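Asker: I have a structure I would like to understand better, so I am pasting it below and will then ask my questions one at a time.
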Amino acid sequence: MITNLNILIPEIFLSLSTFSILMIGVFLKKSFNIIFNLSSLIIIVTIAIIISSPNSEEKIFLESFTRDAFSNYFKVLILLSSLFVLNSSKNFIVENKLDKFEYPIIILLSILGMFFMVSSNDLILFYLGLELQSLSLYILASIDRDNLRSTESGIKYFVLSALSSGLLLYGCSLLYGFTGSTNFDLIASQLNKENTGAVFAMVFILVGLAFKVSAVPFHMWTPDVYEGAPTSITSYFAVVPKVAGLALLIKFMFIPFSNILLEWQTIIIFISIASMILGAVAAMVQKNFKRLLAYSSIGHIGYALAGVATGAVSGYESAIVYISIYVIMNIGAFSCLYLLKKDGEYRENISDLSGISKKHPLLAISFLIILFSLAGVPPLGGFFAKFYVFVAVLEREMYTLAIIGLLTTVMSAFYYLKIIKTIYFDDSIIAFEQTKNRTAQISIFASCTILITFFLYPSILNNLVNSLFIS
Amino acid sequence: MNFPILSTLIFLPLLSSLFIFLSRDKKNNNSIYISLFSSIATFLLSLFLWYSLDNNSAEFQFVEEKSWINNYIKFKLGVDGISILFIVLTTFITPICIISCINSIKTRVKEFLIAILILETFMIGVFCSLDLVIFYLFFEAGLIPMFLIIGVWGGPRRVYSAFKFFLFTLLGSVLMLVAIIVIYWLTGTTDITEIYKIKIPKDYQNILWLAFLSSFAVKMPMWPVHTWLPDAHVEAPTAGSVILAAILLKMAGYGFLRFSIPMFPIASEYFTPLIYSLSIIAIIYTSLVALMQDDMKKLIAYSSVAHMGYVTLGIFTLTKQGIEGSIYQMISHGLISAALFLCVGVVYDRLHSRMISSYGGLVSYLPKYSFLFIVFALAALGLPGTSGFLGEFLVLTGAFQKSYLAAMLATFGVVLGAAYMLWLTKRVIFGTINNVEIKNLSDVNKSEIIMLATLAFFVIFFGFYPLPLMETFSVSVNSLIDNYQIALISN
């Protein structure tokens with residue numbers, strides 16, 4: 001069989017160009033700016049390559065690598081969100097002396113890892129992609145190496161993540177032992193309910209994946225890492241790996257474990273409910289904005305998992321729509337943090353936002369839109385994300401999940417309202433610097449515009465996602 | 001007619017708010033003119049709509065349809081004889097609110113006007129939508145501007161009140177969202193004209209009806225979930241209280257008429273005793289509570305709960321008189337409570353106190369104000385010759401046909417209503433002067449007299465000549481009751 005390397009062009013381009021800019025970085029002094037701009041360019045070119053490539057399903061390398069509409073959608077989503085995260089945080093990186101040329105390169109490498117994750121059709125390739133991504137993330141979490149909290153969060157993330165990777169790998173080996181294959185399609189044909197060992201393996205794999213998307217009860221690292229890592233890294237953590245993790249959860253449910261869906265579903269329902277409740281309750285008492293966003297992201301993953309838990313294509317679609325809108329909202333929320341600068345220091349506490357509506361009306365209104373959208377209040381984009389998930393959940397008559405989900409929406413509305421209260425109702429304390437952070441402002445503007453106008457064409461994402469599962 | 005008149009009506013305030021948002025206007029004068037102009041234009045447009053509506057048809061008119069979510073949920077708008085009156089009420093009250101904010105809002109005027117105009121968009125949207133999802137969208141979206149209006153421009157306990165308002169309403173509404181999605185999976189559509197034709201299975205009706213009730217009961221508000229209302233009213237700025245009392249509360253009554261009864265006739269029949277009990281408790285209990293208030297706004301807020309008790313009672317008598325009385329009561333309460341809150345606002349702007357004990361003897365120094373206040377107080381207690389009388393009278397007529405007990409108890413409420421309103425008037429307008437500062441107060445100024453006199457005119461006009469309103473909704477109410485009877489018989 002002749003391998004059709006055309007399918008791999010995005011990955012080949014991404015890896016080759018990453019290594020070449022690594023060389024530039026090594027030999028050029030003060031190369032951060034060049035490397036940074038080149039990596040943005042690489043991301044844009046890769047997006048262009050993926051969009052122009054066909055969406056038909058093709059598998060290569062002994063059917064271990066798939067390219068289809070599903071993986072292409074996720075790759076574009078990963079690239080787009082990385083592009084926005086990276087560019088909106090540029091000022092932050094430079095001002096906090098994080099402007100090492102490795103920074104964007106490591107991000108590109110983690111993107112490469114995610115590419116293999118979402119394209120994998122084989123346990124080995126899946127694991128390799130996951131590890132490439134995780135290793136890059138360990139470094140990123142501790143990139144501010146002179147900062148105690150950053151290194152602490154890096155170590156914490158490394159230890160816990162390595163543990164979960166170990167469990168995942170153990171699950172993979174069990175799965176191989178019980179089904180005799182590492183290929184997803186072959187595993188799917190071998191698995192059935194009587195295969196108790198495979199169910200065990202599934203639990204281990206699920207633990208690993210739940211850790212990556214920070215779902216309860218594997219969420220412990222999230223608040224600490226989010227708080228400890230520099231904001232630019234946190235925003236990357238909050239957005240991009242979650243997209244890849246969710247893609248894999250859906251993929252595992254769709255292909256290898258499709259025959260033991262019921263067992264898999266039961267666990268995901270539990271994880272989903274636990275994440276929604278914990279996300280809502282724990283966030284109420286947070287004082288640090290990044291920590292709050294950590295808990296809020298746990299809650300949001302819970303909603304996305306509720307869509308996954310339906311075990312139906314409509315549910316997967318709703319989860320993908322959810323995560324896409326989640327990405328838009330979080331990019332906006334983190335970009336707002338880049339504008340909260342006072343005396344050369346970026347403020348992260350919620351109390352620092354006190355009364356900014358008087359001195360920074362535009363920033364305040366952006367916060368307002370993003371926070372109400374995160375809370376899922378219509379007519380903003382966040383409402384539609386939740387709406388689709390609950391439509392899918394109720395289609396399967398999972399009333400308990402839907403009602404718990406909606407009640408936690410009300411609970412989580414409370415802490416979003418608390419921030420809005422701080423911004424709008426309290427008296428102002430701090431006047432932040434009028435920063436000329438154009439890229440962050442563009443991100444905020446883009447995010448808010450999408451969230452506000454989403455209701456005009458609410459099915460635009462659905463139609464796109466719909467086509468992923470047709471093939 | 002091909003011109004999308006309803007969409008224009010909905011999005012005109014939104015567009016003008018965008019315009020105000022983009023304008024650089026330091027003195028706020030232009031913002032006030034723009035918003036006043038656009039809201040009056042909206043009002044005239046809605047009057048034109050009312051004029052060109054065919055009263056002899058119970059069908060939805062001016063229907064606009066646009067595919068929205070994947071062709072299965074449509075963006076569908078339309079009006080009939082019932083909803084048109086609420087739309088006109090909304091567009092009528094909004095300019096009054098904008099005029100009132102000239103005197104009462106001192107900070108961030110521009111933002112306030114934007115919030116009011118966005119709120120107007122959502123409120124008109126609620127009354128126009130013929131699709132459950134669109135309805136929910138507008139119904140919930142109204143929370144955002146109202147939350148900000150209470151929280152930013154409110155009184156000392158504004159944070160507590162704003163949170164209570166938001167979370168109570170949201171909690172009620174999410175259950176309605178579940179119900180809406182369940183209805184979608186049961187019937188395959190969220191278009192209410194389609195759902196009217198499909199009979200929802202009996203087993204589902206009760207639970208769905210309760211889910212809708214959870215939302216409407218909070219919004220109405222019905223006893224025992226009314227507690228957010230006094231807080232919200234007391235802390236909200238005058239314009240916020242006016243909109244809250246005049247329009248937001250009417251959404252729930254409208255919701256019962258538009259959704260609960262036609263979609264779940266069997267459940268509506270089944271739960272009638274529940275609604276009767278809650279309404280009677282609301283009427284008597286909150287009237288008694290109102291008697292004991294020493295804060296004027298709180299008193300009026302409790303009286304609103306009592307008046308809304310008549311509305312729910314009237315709607316669920318499911319007789320022609322009862323429902324017509326309820327609609328009439330809602331419109332008239334929209335005018336009267338708006339006027340009473342404006343009256344409180346007028347003196348609050350001068351003396352910065354809402355306490356009854358700070359006033360007394362206003363009649364000697366503010367004669368014009370006192371006259372208007374008394375007109376509205378008498379209207380609120382249902383004096384014949386004011387619009388308040390007709391609504392209550394018809395509701396009680398309807399109630400007597402169904403349940404003597406409920407009607408008798410509700411009649412007590414009329415007496416209690418007279419008691420707290422007259423006592424309030426006695427303590428504020430007449431009586432001895434408790435506060436020396438009253439002597440220095442100026443009487444109502446030009447803008448205030450425009451607002452209050454307009455409202456007083458309509459309160460008295462509709463008290464003597466109810467025909468324009470009655471004619472508009474009579475056919476729609478008839479068809480509502482006919483469909484309800486048919487559904488019950490065929491069950």
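As shown in the structure tokens, the chain order sets the letters A, B, ...; within each chain, residues go from 1, and ligands are also counted from 1 in the order they appear.
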Using only C-alpha atoms, find each residue of chain A with at least one atom at most 9 Å away from an atom of chain B; report its shortest atom-to-atom pair and that distance in Å (one decimal), sort the rows by chain and rising residue number, and return the result as JSON lines.
Answerer:
{"residue": "A:Lys358", "atom": "CA", "partner": "B:Arg108", "partner_atom": "CA", "distance": 8.7}
{"residue": "A:Phe372", "atom": "CA", "partner": "B:Ile144", "partner_atom": "CA", "distance": 8.0}
{"residue": "A:Val377", "atom": "CA", "partner": "B:Ala141", "partner_atom": "CA", "distance": 6.6}
{"residue": "A:Pro378", "atom": "CA", "partner": "B:Ala141", "partner_atom": "CA", "distance": 5.1}
{"residue": "A:Pro379", "atom": "CA", "partner": "B:Ala141", "partner_atom": "CA", "distance": 5.9}
{"residue": "A:Leu380", "atom": "CA", "partner": "B:Ala141", "partner_atom": "CA", "distance": 8.6}
{"residue": "A:Phe383", "atom": "CA", "partner": "B:Leu137", "partner_atom": "CA", "distance": 8.9}
{"residue": "A:Phe387", "atom": "CA", "partner": "B:Leu177", "partner_atom": "CA", "distance": 8.5}
{"residue": "A:Phe390", "atom": "CA", "partner": "B:Ile181", "partner_atom": "CA", "distance": 7.7}
{"residue": "A:Val391", "atom": "CA", "partner": "B:Ile181", "partner_atom": "CA", "distance": 5.9}
{"residue": "A:Leu394", "atom": "CA", "partner": "B:Val182", "partner_atom": "CA", "distance": 6.6}
{"residue": "A:Glu395", "atom": "CA", "partner": "B:Trp185", "partner_atom": "CA", "distance": 6.3}
{"residue": "A:Glu397", "atom": "CA", "partner": "B:Val182", "partner_atom": "CA", "distance": 8.5}
{"residue": "A:Tyr399", "atom": "CA", "partner": "B:Val178", "partner_atom": "CA", "distance": 8.5}
{"residue": "A:Ala402", "atom": "CA", "partner": "B:Val178", "partner_atom": "CA", "distance": 7.4}
{"residue": "A:Ile403", "atom": "CA", "partner": "B:Val178", "partner_atom": "CA", "distance": 7.3}
{"residue": "A:Leu406", "atom": "CA", "partner": "B:Val174", "partner_atom": "CA", "distance": 6.0}
{"residue": "A:Leu407", "atom": "CA", "partner": "B:Leu171", "partner_atom": "CA", "distance": 7.0}
{"residue": "A:Thr409", "atom": "CA", "partner": "B:Val174", "partner_atom": "CA", "distance": 8.4}
{"residue": "A:Val410", "atom": "CA", "partner": "B:Leu171", "partner_atom": "CA", "distance": 5.9}
{"residue": "A:Met411", "atom": "CA", "partner": "B:Leu167", "partner_atom": "CA", "distance": 8.3}
{"residue": "A:Ala413", "atom": "CA", "partner": "B:Leu167", "partner_atom": "CA", "distance": 7.7}
{"residue": "A:Phe414", "atom": "CA", "partner": "B:Leu167", "partner_atom": "CA", "distance": 7.2}
{"residue": "A:Leu417", "atom": "CA", "partner": "B:Phe163", "partner_atom": "CA", "distance": 7.5}
{"residue": "A:Lys418", "atom": "CA", "partner": "B:Phe163", "partner_atom": "CA", "distance": 8.6}
{"residue": "A:Lys421", "atom": "CA", "partner": "B:Val159", "partner_atom": "CA", "distance": 7.2}
{"residue": "A:Tyr424", "atom": "CA", "partner": "B:Val152", "partner_atom": "CA", "distance": 6.3}
{"residue": "A:Phe425", "atom": "CA", "partner": "B:Val152", "partner_atom": "CA", "distance": 5.2}
{"residue": "A:Asp426", "atom": "CA", "partner": "B:Val152", "partner_atom": "CA", "distance": 8.6}
{"residue": "A:Phe455", "atom": "CA", "partner": "B:Trp68", "partner_atom": "CA", "distance": 8.8}
{"residue": "A:Leu456", "atom": "CA", "partner": "B:Trp68", "partner_atom": "CA", "distance": 7.7}
{"residue": "A:Tyr457", "atom": "CA", "partner": "B:Trp68", "partner_atom": "CA", "distance": 6.6}
{"residue": "A:Pro458", "atom": "CA", "partner": "B:Ile69", "partner_atom": "CA", "distance": 5.8}
{"residue": "A:Ser459", "atom": "CA", "partner": "B:Ile69", "partner_atom": "CA", "distance": 4.8}
{"residue": "A:Ile460", "atom": "CA", "partner": "B:Ile69", "partner_atom": "CA", "distance": 8.4}
{"residue": "A:Asn462", "atom": "CA", "partner": "B:Asn70", "partner_atom": "CA", "distance": 7.8}
{"residue": "A:Asn463", "atom": "CA", "partner": "B:Asn70", "partner_atom": "CA", "distance": 7.5}
Asker: Quick one: residues within 10 Å of Phe127 (chain B), only C-alpha atoms counted, chain neighbours fewer than 6 positions away excluded, as a ChimeraX atom specification?
Answerer: /B:10,77-80,82-87,90,135,138-139,250-251,254-255,258
Asker: Those same residues - C-alpha atoms - I'd like them written as an mmCIF file, in the first residue's frame.
Answerer:
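Resulting contents of again-v3.cif:
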data_model
loop_
_atom_site.group_PDB
_atom_site.id
_atom_site.type_symbol
_atom_site.label_atom_id
_atom_site.label_comp_id
_atom_site.auth_asym_id
_atom_site.auth_seq_id
_atom_site.Cartn_x
_atom_site.Cartn_y
_atom_site.Cartn_z
ATOM 1 C CA ILE B 10 -38.836 45.325 18.288
ATOM 2 C CA LEU B 77 -43.706 36.940 15.385
ATOM 3 C CA GLY B 78 -47.337 37.894 15.373
ATOM 4 C CA VAL B 79 -49.964 39.744 17.350
ATOM 5 C CA ASP B 80 -53.569 39.204 18.215
ATOM 6 C CA ILE B 82 -54.568 40.324 23.519
ATOM 7 C CA SER B 83 -50.911 40.957 22.859
ATOM 8 C CA ILE B 84 -51.390 44.224 20.963
ATOM 9 C CA LEU B 85 -52.620 45.932 24.120
ATOM 10 C CA PHE B 86 -49.550 44.892 26.060
ATOM 11 C CA ILE B 87 -47.331 46.118 23.248
ATOM 12 C CA THR B 90 -45.058 48.923 26.795
ATOM 13 C CA PHE B 135 -40.399 33.888 23.932
ATOM 14 C CA PHE B 138 -36.815 37.690 25.274
ATOM 15 C CA PHE B 139 -38.333 36.765 28.629
ATOM 16 C CA LYS B 250 -47.702 41.599 33.027
ATOM 17 C CA MET B 251 -45.500 39.165 31.165
ATOM 18 C CA TYR B 254 -49.797 37.240 29.414
ATOM 19 C CA GLY B 255 -47.846 33.984 29.604
ATOM 20 C CA ARG B 258 -50.829 32.671 25.696
#
Asker: Considering only strand (DSSP E) as DSSP defines it on the backbone, what residues of region 229-456 of chain A qualify? List them as a list in words.
Answerer: Lys341, Lys342, Glu345 and Tyr346 of chain A
Asker: Go ahead and dump the residues you just picked, C-alpha atoms, as an mmCIF file, in the first residue's frame.
Answerer:
data_model
loop_
_atom_site.group_PDB
_atom_site.id
_atom_site.type_symbol
_atom_site.label_atom_id
_atom_site.label_comp_id
_atom_site.auth_asym_id
_atom_site.auth_seq_id
_atom_site.Cartn_x
_atom_site.Cartn_y
_atom_site.Cartn_z
ATOM 1 C CA LYS A 341 -2.571 46.806 34.432
ATOM 2 C CA LYS A 342 -1.607 49.105 37.242
ATOM 3 C CA GLU A 345 1.649 44.869 37.439
ATOM 4 C CA TYR A 346 -1.302 42.874 36.189
#
Asker: Using only C-alpha atoms, determine which residues lie at most 10 Å from region 247-264 of chain A, disregarding the query and same-chain residues fewer than 5 positions distant; provide the list as JSON, numbers by chain.
Answerer: {"A": [70, 71, 73, 74, 75, 114, 117, 118, 119, 120, 121, 122, 123, 126, 182, 183, 184, 185, 186, 187, 188, 189, 190, 191, 192, 193, 194, 195, 198, 199, 202, 203, 205, 206, 209, 210, 213, 241, 242, 269, 305, 307, 308, 309, 310, 311, 312, 313, 315, 316, 317, 319, 320, 323, 469]}
Asker: Choose the residue, out of A:Leu353, A:Met398, A:Ile78, A:Ala69, that has the smallest atom-to-atom separation from Thr422 (chain A); count only C-alpha atoms.
Answerer: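 Answer, going by the shortest atom-to-atom distance: A:Leu353.
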Asker: Could you tell me, as a ChimeraX atom specification, which residues of region 203-390 of chain A DSSP assigns to helix (DSSP H, G or I) when given the backbone?
Answerer: /A:203-212,221-228,231-254,258-283,289-309,313-337,350-353,356-359,361-375,381-390
Asker: Quick one: residues within 12 Å of Ser52 (chain B), only C-alpha atoms, excluding same-chain residues fewer than 2 positions away - as a list in words?
Answerer: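 That gives Met1, Ile5, Leu45, Ser46, Leu47, Phe48, Leu49, Trp50, Asp54, Asn55, Asn56, Gln61, Phe62, Val79, Asp80, Gly81, Ile84 and Thr472 of chain B.
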Asker: Just C-alpha atoms for this one: save the residues we selected as a PDB file, in the first residue's frame.
Answerer:
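The resulting out_9.pdb:
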ATOM      1  CA  MET B   1     -48.578  43.261   4.427  1.00  0.00           C
ATOM      2  CA  ILE B   5     -43.676  45.967  11.081  1.00  0.00           C
ATOM      3  CA  LEU B  45     -45.832  52.702  15.279  1.00  0.00           C
ATOM      4  CA  SER B  46     -47.547  50.501  17.833  1.00  0.00           C
ATOM      5  CA  LEU B  47     -50.620  52.715  17.691  1.00  0.00           C
ATOM      6  CA  PHE B  48     -50.644  52.276  13.944  1.00  0.00           C
ATOM      7  CA  LEU B  49     -50.392  48.546  14.516  1.00  0.00           C
ATOM      8  CA  TRP B  50     -53.324  48.658  16.901  1.00  0.00           C
ATOM      9  CA  ASP B  54     -58.485  43.424  12.548  1.00  0.00           C
ATOM     10  CA  ASN B  55     -60.488  43.109  15.754  1.00  0.00           C
ATOM     11  CA  ASN B  56     -62.913  40.619  14.317  1.00  0.00           C
ATOM     12  CA  GLN B  61     -51.845  38.969  12.405  1.00  0.00           C
ATOM     13  CA  PHE B  62     -48.790  40.648  10.920  1.00  0.00           C
ATOM     14  CA  VAL B  79     -49.964  39.744  17.350  1.00  0.00           C
ATOM     15  CA  ASP B  80     -53.569  39.204  18.215  1.00  0.00           C
ATOM     16  CA  GLY B  81     -56.125  41.197  20.172  1.00  0.00           C
ATOM     17  CA  ILE B  84     -51.390  44.224  20.963  1.00  0.00           C
ATOM     18  CA  THR B 472     -59.725  44.732  20.762  1.00  0.00           C
TER      19      THR B 472
END
Asker: Would you mind telling me which residue in A:Tyr138, A:Tyr303, A:Phe65, A:Tyr157 lies nearest to Ala215 (chain A) when using only C-alpha atoms?
Answerer: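 Ranking A:Tyr138, A:Tyr303, A:Phe65, A:Tyr157 by distance to Ala215 (chain A), first place goes to A:Tyr303.
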Asker: List the neighbours of region 281-287 of chain B out to 12 Å using only C-alpha atoms; skip same-chain residues closer than 5 positions along the sequence, and give me the result as an NGL selection string.
Answerer: :B and (217 or 220-227 or 229-230 or 274-276 or 292-293 or 298-313 or 381 or 392 or 406-421)
